[in-house]
Amino acid sequence: MKINQHQKNFKEALEKERPELGKRPEWLKVRLPSGENYKDVHRLMRKSKLNTVCEEAKCPNIAECWNRRTATFMILGDVCTRSCGFCNVKLGLPTELDLDEPRRVAESVEQLKLNHVVITSVNRDELKDGGASIFSETVRLIRSKMPSTTIEILIPDFKGDSEAFEIIMQNPPDILNHNLETVKRLYHAVRPQAKYERSLKLIEWFKQRGLRTKSGIMVGIGETKEEVFDLMKDLYNAGCDIMTIGQYLQPTKNHLPVHRYVTLEEFKEYKDFGMSLGFKAVESSPLVRSSYHADKHAELS
């Protein structure tokens, strides 16, 4: 991963100013993934030449989700055009578009008999529609093969292009997810090619079209508690229904460092605050990631 000068300066400042982290807390330790369903999903992903964000992002909940027959497919390849300071997905110039990918994803969902599926992607800023047409076709094919399966898509911002949004709405999901990832002040370092307001407007756009909306953030990367509360209010006011909050963990030494380990008590504060605002659901604990309990979110009224 290559970071820009602003990210490098922020990284150095965090490492210099952060308190002594000490040992990783017990609540951040997870067992190695295992289980028959987990093995079935893993075998099929390799056979179908598909990517999952579960593996690419080294998600700590991979065994729990896969054993519940819930998986998060990562479409549009495995090379991203953006240099986010927290992400372990490869940065570079993507290869040609794989137009057969939607079919393989849909067939995998059918073979695994998934009750709920999450579709996400890398950023493909070099494409005119940012890959929205591939999202739309993937949803369409899953619906045709597995009409009872609920679908969540975790989309990039498509540079705020409403034409790409309209393509998504041609085959709308049950849940539209787009992560803010961090508080507004840290965007230049954490998400240098993204814009806080643009992401909020995306949530608002899809909510106004009647979709259930969702977003997530990481904490422990340099934000303050008050900034998190402000972000939660911004999200709720934009029409966000569901929110996820988890501990940031540094993928490699080249990524932005962990500033602090957020306590279990603070995570509960965020959950309680979010529910008091009016969110339909707030998943807030150290190991929570975007797709955590995604199947349960699809059941909300």
# chains A, B, ... in the order shown; residues from 1 in each chain; ligands from 1

call {"tool": "select_by_dssp", "arguments": {"residues": "region 96-196 of chain A", "states": "strand (DSSP E or B)", "output": "list in words"}}
result
His116, Val117, Val118, Ile119, Thr120, Ser121, Thr150, Ile151, Glu152, Ile153, Leu154, Ile175, Leu176, Asn177 and Glu181 of chain A

call {"tool": "residues_around", "arguments": {"residues": "region 135-152 of chain A", "least_positions_apart": "5", "cutoff": "8 Å", "atoms": "only C-alpha atoms", "output": "JSON, numbers by chain"}}
result
{"A": [75, 101, 102, 103, 105, 106, 107, 109, 110, 114, 115, 116, 117, 118, 119, 167, 168, 169, 170, 171, 172, 173, 174, 175, 176, 177, 294, 295, 298]}

call {"tool": "residues_around", "arguments": {"residues": "region 218-232 of chain A", "least_positions_apart": "2", "cutoff": "6 Å", "atoms": "only C-alpha atoms", "output": "ChimeraX atom specification"}}
result
/A:181-182,234-235,245-248,258-262

call {"tool": "select_by_dssp", "arguments": {"residues": "region 77-118 of chain A", "states": "alpha helix (DSSP H)", "output": "list in words"}}
result
Glu101, Pro102, Arg103, Arg104, Val105, Ala106, Glu107, Ser108, Val109, Glu110, Gln111 and Leu112 of chain A

call {"tool": "write_last_selection", "arguments": {"atoms": "all heavy atoms", "output": "JSON list (two decimals), in the first residue's frame"}}
result
[["chain", "number", "residue", "atom", "x", "y", "z"],
["A", 101, "GLU", "N", -18.79, -11.88, -14.04],
["A", 101, "GLU", "CA", -18.77, -11.94, -12.57],
["A", 101, "GLU", "C", -20.17, -12.01, -11.96],
["A", 101, "GLU", "O", -20.38, -12.82, -11.04],
["A", 101, "GLU", "CB", -17.99, -10.74, -12.03],
["A", 101, "GLU", "CG", -17.58, -10.85, -10.58],
["A", 101, "GLU", "CD", -16.68, -9.69, -10.18],
["A", 101, "GLU", "OE1", -16.98, -8.53, -10.56],
["A", 101, "GLU", "OE2", -15.67, -9.94, -9.50],
["A", 102, "PRO", "N", -21.13, -11.20, -12.40],
["A", 102, "PRO", "CA", -22.48, -11.29, -11.81],
["A", 102, "PRO", "C", -23.07, -12.70, -11.88],
["A", 102, "PRO", "O", -23.71, -13.17, -10.92],
["A", 102, "PRO", "CB", -23.28, -10.29, -12.63],
["A", 102, "PRO", "CG", -22.28, -9.28, -13.08],
["A", 102, "PRO", "CD", -21.05, -10.08, -13.36],
["A", 103, "ARG", "N", -22.87, -13.38, -13.00],
["A", 103, "ARG", "CA", -23.40, -14.75, -13.13],
["A", 103, "ARG", "C", -22.76, -15.68, -12.12],
["A", 103, "ARG", "O", -23.45, -16.48, -11.47],
["A", 103, "ARG", "CB", -23.14, -15.27, -14.55],
["A", 103, "ARG", "CG", -23.63, -16.71, -14.75],
["A", 103, "ARG", "CD", -23.10, -17.32, -16.05],
["A", 103, "ARG", "NE", -21.65, -17.41, -16.07],
["A", 103, "ARG", "CZ", -20.96, -18.40, -15.46],
["A", 103, "ARG", "NH1", -21.59, -19.34, -14.78],
["A", 103, "ARG", "NH2", -19.65, -18.41, -15.52],
["A", 104, "ARG", "N", -21.45, -15.60, -11.95],
["A", 104, "ARG", "CA", -20.76, -16.49, -11.03],
["A", 104, "ARG", "C", -21.18, -16.21, -9.58],
["A", 104, "ARG", "O", -21.32, -17.14, -8.79],
["A", 104, "ARG", "CB", -19.24, -16.34, -11.18],
["A", 104, "ARG", "CG", -18.73, -16.70, -12.56],
["A", 104, "ARG", "CD", -17.24, -17.03, -12.57],
["A", 104, "ARG", "NE", -16.42, -16.04, -11.90],
["A", 104, "ARG", "CZ", -15.99, -14.91, -12.47],
["A", 104, "ARG", "NH1", -16.35, -14.61, -13.71],
["A", 104, "ARG", "NH2", -15.21, -14.07, -11.81],
["A", 105, "VAL", "N", -21.37, -14.94, -9.25],
["A", 105, "VAL", "CA", -21.84, -14.60, -7.90],
["A", 105, "VAL", "C", -23.23, -15.18, -7.67],
["A", 105, "VAL", "O", -23.49, -15.82, -6.64],
["A", 105, "VAL", "CB", -21.85, -13.08, -7.68],
["A", 105, "VAL", "CG1", -22.54, -12.75, -6.36],
["A", 105, "VAL", "CG2", -20.43, -12.51, -7.69],
["A", 106, "ALA", "N", -24.13, -14.97, -8.61],
["A", 106, "ALA", "CA", -25.50, -15.46, -8.45],
["A", 106, "ALA", "C", -25.54, -16.98, -8.33],
["A", 106, "ALA", "O", -26.28, -17.54, -7.51],
["A", 106, "ALA", "CB", -26.36, -15.00, -9.63],
["A", 107, "GLU", "N", -24.75, -17.68, -9.14],
["A", 107, "GLU", "CA", -24.72, -19.13, -9.06],
["A", 107, "GLU", "C", -24.13, -19.61, -7.73],
["A", 107, "GLU", "O", -24.58, -20.62, -7.18],
["A", 107, "GLU", "CB", -23.91, -19.70, -10.23],
["A", 107, "GLU", "CG", -24.62, -19.56, -11.57],
["A", 107, "GLU", "CD", -23.84, -20.16, -12.72],
["A", 107, "GLU", "OE1", -22.68, -20.58, -12.49],
["A", 107, "GLU", "OE2", -24.39, -20.21, -13.84],
["A", 108, "SER", "N", -23.17, -18.88, -7.21],
["A", 108, "SER", "CA", -22.60, -19.23, -5.91],
["A", 108, "SER", "C", -23.62, -19.03, -4.79],
["A", 108, "SER", "O", -23.71, -19.85, -3.87],
["A", 108, "SER", "CB", -21.35, -18.38, -5.64],
["A", 108, "SER", "OG", -20.33, -18.66, -6.58],
["A", 109, "VAL", "N", -24.37, -17.95, -4.85],
["A", 109, "VAL", "CA", -25.43, -17.71, -3.87],
["A", 109, "VAL", "C", -26.44, -18.86, -3.90],
["A", 109, "VAL", "O", -26.89, -19.35, -2.86],
["A", 109, "VAL", "CB", -26.13, -16.36, -4.13],
["A", 109, "VAL", "CG1", -27.36, -16.20, -3.23],
["A", 109, "VAL", "CG2", -25.17, -15.20, -3.90],
["A", 110, "GLU", "N", -26.75, -19.31, -5.11],
["A", 110, "GLU", "CA", -27.70, -20.42, -5.27],
["A", 110, "GLU", "C", -27.12, -21.72, -4.72],
["A", 110, "GLU", "O", -27.80, -22.46, -3.99],
["A", 110, "GLU", "CB", -28.05, -20.58, -6.75],
["A", 110, "GLU", "CG", -29.08, -21.65, -7.03],
["A", 110, "GLU", "CD", -29.39, -21.77, -8.50],
["A", 110, "GLU", "OE1", -28.48, -21.54, -9.35],
["A", 110, "GLU", "OE2", -30.55, -22.10, -8.83],
["A", 111, "GLN", "N", -25.88, -22.02, -5.06],
["A", 111, "GLN", "CA", -25.26, -23.26, -4.59],
["A", 111, "GLN", "C", -25.12, -23.31, -3.08],
["A", 111, "GLN", "O", -25.28, -24.36, -2.46],
["A", 111, "GLN", "CB", -23.89, -23.43, -5.25],
["A", 111, "GLN", "CG", -23.93, -23.74, -6.73],
["A", 111, "GLN", "CD", -22.55, -23.92, -7.32],
["A", 111, "GLN", "OE1", -21.72, -24.66, -6.80],
["A", 111, "GLN", "NE2", -22.27, -23.22, -8.42],
["A", 112, "LEU", "N", -24.83, -22.14, -2.48],
["A", 112, "LEU", "CA", -24.66, -22.08, -1.03],
["A", 112, "LEU", "C", -25.99, -21.94, -0.29],
["A", 112, "LEU", "O", -26.02, -21.99, 0.93],
["A", 112, "LEU", "CB", -23.75, -20.90, -0.66],
["A", 112, "LEU", "CG", -22.28, -21.06, -1.06],
["A", 112, "LEU", "CD1", -21.55, -19.73, -0.92],
["A", 112, "LEU", "CD2", -21.60, -22.13, -0.22]]

call {"tool": "atom_distance", "arguments": {"atom1": "CA of Ile203 (chain A)", "atom2": "CA of Tyr292 (chain A)"}}
result
19.3 Å

call {"tool": "residues_around", "arguments": {"residues": "Asp157 (chain A)", "least_positions_apart": "3", "cutoff": "8 Å", "atoms": "only C-alpha atoms", "output": "PyMOL selection string"}}
result
chain A and resi 160-161+178+194+198-199+202

call {"tool": "write_last_selection", "arguments": {"atoms": "C-alpha atoms", "output": "CSV table (one decimal), in the first residue's frame"}}
result
chain,number,residue,atom,x,y,z
A,160,GLY,CA,-21.6,11.3,-6.3
A,161,ASP,CA,-22.9,10.6,-9.8
A,178,HIS,CA,-22.4,3.1,2.2
A,194,ALA,CA,-13.7,10.7,-0.7
A,198,ARG,CA,-20.8,13.6,-0.6
A,199,SER,CA,-21.3,10.3,1.3
A,202,LEU,CA,-25.6,9.5,-1.1

call {"tool": "atom_distance", "arguments": {"atom1": "CA of Tyr270 (chain A)", "atom2": "CA of Tyr236 (chain A)"}}
result
13.1 Å

call {"tool": "closest_residue", "arguments": {"among": "A:Thr72, A:Ser121, A:Thr244, A:Ser284", "to": "Thr213 (chain A)", "atoms": "only C-alpha atoms"}}
result
A:Thr244

call {"tool": "atom_distance", "arguments": {"atom1": "CA of Pro94 (chain A)", "atom2": "CA of Ile153 (chain A)"}}
result
20.8 Å

call {"tool": "decode", "arguments": {"residues": "region 250-271 of chain A", "atoms": "N, CA and C atoms", "output": "compact mmCIF listing (two decimals), in the first residue's frame"}}
result
# COMPACT_ATOMS: atom_id res chain seq x y z
N GLN A 250 -5.01 -2.07 12.60
CA GLN A 250 -4.04 -1.79 11.54
C GLN A 250 -3.70 -3.06 10.77
N PRO A 251 -4.00 -3.12 9.45
CA PRO A 251 -3.74 -4.34 8.68
C PRO A 251 -2.25 -4.67 8.55
N THR A 252 -1.42 -3.63 8.28
CA THR A 252 0.03 -3.82 8.16
C THR A 252 0.70 -2.58 8.74
N LYS A 253 1.99 -2.64 8.92
CA LYS A 253 2.73 -1.50 9.48
C LYS A 253 2.73 -0.31 8.54
N ASN A 254 2.38 -0.53 7.27
CA ASN A 254 2.35 0.56 6.30
C ASN A 254 1.04 1.36 6.35
N HIS A 255 0.05 0.83 7.04
CA HIS A 255 -1.24 1.51 7.15
C HIS A 255 -1.25 2.44 8.36
N LEU A 256 -2.31 3.24 8.44
CA LEU A 256 -2.43 4.14 9.59
C LEU A 256 -2.46 3.33 10.88
N PRO A 257 -1.81 3.82 11.92
CA PRO A 257 -1.74 3.06 13.17
C PRO A 257 -3.01 3.19 14.00
N VAL A 258 -3.20 2.25 14.90
CA VAL A 258 -4.27 2.35 15.89
C VAL A 258 -3.89 3.45 16.87
N HIS A 259 -4.78 4.38 17.12
CA HIS A 259 -4.52 5.44 18.08
C HIS A 259 -4.82 4.99 19.49
N ARG A 260 -5.92 4.22 19.65
CA ARG A 260 -6.29 3.71 20.97
C ARG A 260 -7.26 2.55 20.81
N TYR A 261 -7.33 1.72 21.84
CA TYR A 261 -8.34 0.67 21.89
C TYR A 261 -9.56 1.22 22.63
N VAL A 262 -10.66 1.30 21.93
CA VAL A 262 -11.88 1.86 22.51
C VAL A 262 -12.47 0.85 23.49
N THR A 263 -12.91 1.33 24.63
CA THR A 263 -13.42 0.44 25.68
C THR A 263 -14.81 -0.08 25.34
N LEU A 264 -15.17 -1.18 25.97
CA LEU A 264 -16.51 -1.75 25.80
C LEU A 264 -17.58 -0.77 26.27
N GLU A 265 -17.25 -0.01 27.32
CA GLU A 265 -18.20 0.98 27.84
C GLU A 265 -18.48 2.08 26.82
N GLU A 266 -17.44 2.51 26.11
CA GLU A 266 -17.63 3.55 25.11
C GLU A 266 -18.44 3.03 23.92
N PHE A 267 -18.19 1.80 23.53
CA PHE A 267 -19.01 1.22 22.46
C PHE A 267 -20.48 1.20 22.85
N LYS A 268 -20.75 0.87 24.11
CA LYS A 268 -22.14 0.87 24.57
C LYS A 268 -22.73 2.28 24.55
N GLU A 269 -21.91 3.27 24.89
CA GLU A 269 -22.38 4.66 24.81
C GLU A 269 -22.84 5.01 23.41
N TYR A 270 -22.06 4.58 22.42
CA TYR A 270 -22.42 4.88 21.04
C TYR A 270 -23.73 4.18 20.65
N LYS A 271 -23.87 2.94 21.05
CA LYS A 271 -25.10 2.21 20.74
C LYS A 271 -26.30 2.89 21.39
